Amino acid sequence: MLTALKPQPADKILQLIQMFREDARADKIDLGVGVYKDPTGLTPVMRAVKAAEKRLWEVETTKTYTGLADEPAYNAAMAKLILAGAVPADRVASVATPGGTGAVRQALELIRMASPEATVWISNPTWPNHLSIVKYLGIPMREYRYFDAETGAVDAEGMMEDLAQVKAGDVVLLHGCCHNPTGANPNPVQWLAICESLARTGAVPLIDLAYQGFGDGLEMDAAATRLLATRLPEVLIAASCSKNFGIYRERTGILIAIGEAAGRGTVQANLNFLNRQNYSFPPDHGARLVTMILEDETLSADWKAELEEVRLNMLTLRRQLADALQAETGSNRFGFVAEHRGMFSRLGITPAEVERLRTEHGVYMVGDSRLNIAGLNRTTVPVLARAVAKVLR
Ligand code: PMP
């Protein structure tokens with residue numbers, strides 16, 4: 001039976017990590033994988049997470065199963081972090097999931113259960129896992145225009161034209177903030193237009209919120225999500241704590257489904273059912289840490305302060321990189337790097353140029369020219385800018 005399996009295409013990012021490891025050059029630079037790195041190149045455990053872990057060790061008395069949807073306190077704390085009371089609690093159903101990926105997967109399975117004919121619209125480009133999970137589940141899919149490679153900004157006109165084609169009951173997958181891979185995001189006016197378009201067509205947004213706090217701050221980064229949640233009858237939110245709590249390997253996420261209050265019980269029962277079919281109980285350790293941090297004023301303040309350091313570090317690197325690229329290339333072609341938000345930017349150079357950056361300069365980025373801003377530091381920014389200028393010559 002196992003001999004019938006077909007080979008799977010290698011994951012491009014994991015392949016890149018492998019090549020980076022095998023590269024003997026001392027001055028190589030890894031801008032591939034999406035993890036935050038501090039100026040010394042480390043992905044630290046956040047102070048509040050360490051403190052919560054210590055406290056948890058002292059107070060935890062059992063490791064028996066949690067509830068199917070996890071501990072209610074986690075779901076409540078996350079709903080507060082994301083929605084800040086924008087929606088009445090009796091409209092909100094939720095389950096804890098293994099990371100944001102688990103939340104995306106459960107959301108898509110829920111959509112398929114509710115409406116097998118619904119088409120899921122994804123941005124072109126999007127996080128590659130969106131595409132592959134939708135395909136794997138056999139869900140009808142279409143792309144909407146998103147990125148203007150010339151300007152490095154959102155192709156608002158193209159996006160709105162495509163969203164106007166969406167049918168009632170279709171699902172539009174949106175990145176709540178910090179779009180991966182482009183780094184380009186709709187401005188508040190554009191979000192309002194997106195919201196109005198969804199209201200007009202009767203489409204349901206599935207918001208992937210993997211970087212709350214990495215863009216314009218915890219509140220601003222949730223503003224689009226809150227807008228859609230207040231204005232539209234049904235909204236799905238797949239959120240991740242991997243990045244903003246730095247707990248990548250703990251697999252901590254949540255799927256929130258907002259609908260009519262009268263239907264909440266059924267929606268919750270379906271979310272619980274999906275957890276039961278797929279893995280029974282969601283992982284608890286990361287969810288417990290997040291709950292402890294969000295419920296405790298001191299821990300929460302320290303977490304927010306450290307998250308803000310992370311965010312500002314990335315913003316500074318963006319400014320430095322935009323300036324260095326301008327100085328080295330003599331053009332403002334890359335000015336958008338400073339306007340982008342989150343961990344990534346798509347430079348808009350060709351795959352051949354990306355390849356030369358790797359072979360000739362030891363700079364590793366994804367083939368579509370997505371780079372992880374947090375992979376840079378003050379020393380490597382000018383090195384990257386010089387290398388980009390050289391391959392463009
Ligand atoms: N959505 C997007 C857009 C992402 O970039 C990521 C992480 N790369 C995720 C979801 C999921 O992250 P995780 O499963 O690690 O929580």
# chains A, B, ... in the order shown; residues from 1 in each chain; ligands from 1
>>> residues_near_ligand(ligand="ligand 1", cutoff="8 Å", atoms="only C-alpha atoms and all ligand atoms", output="number ranges by chain")
A: 34, 98-104, 126-127, 129-130, 175, 179-181, 208-211, 238-243, 248-249, 251-253
>>> select_by_dssp(residues="stretch 59-264 of chain A", states="alpha helix (DSSP H)", output="count of residues only")
74
>>> residues_around(residues="A:Tyr65", least_positions_apart="2", cutoff="10 Å", atoms="only C-alpha atoms", output="ChimeraX atom specification")
/A:62-63,67-68,70-71,280-284
>>> closest_residue(among="A:Asp296, A:Asp216, A:Glu117, A:Glu196", to="A:Met314", atoms="only C-alpha atoms")
A:Asp216
>>> atom_distance(atom1="atom CA of A:Leu317", atom2="atom CA of A:Asn244")
18.1 Å
>>> residues_around(residues="A:Leu271", least_positions_apart="3", cutoff="9 Å", atoms="only C-alpha atoms", output="count of residues only")
15
>>> select_by_dssp(residues="stretch 41-195 of chain A", states="strand (DSSP E)", output="number ranges by chain")
A: 92-97, 120-124, 141-145, 147-148, 153-154, 171-175
>>> closest_residue(among="A:Asn187, A:Gln320, A:Asn272, A:Glu295", to="A:Ala96", atoms="only C-alpha atoms")
A:Asn272
>>> closest_residue(among="A:Ile82, A:Val154, A:Val366, A:Trp121", to="A:Leu14", atoms="only C-alpha atoms")
A:Val366
>>> residues_around(residues="A:Val354", least_positions_apart="6", cutoff="9 Å", atoms="only C-alpha atoms", output="PyMOL selection string")
chain A and resi 363-369+388+391
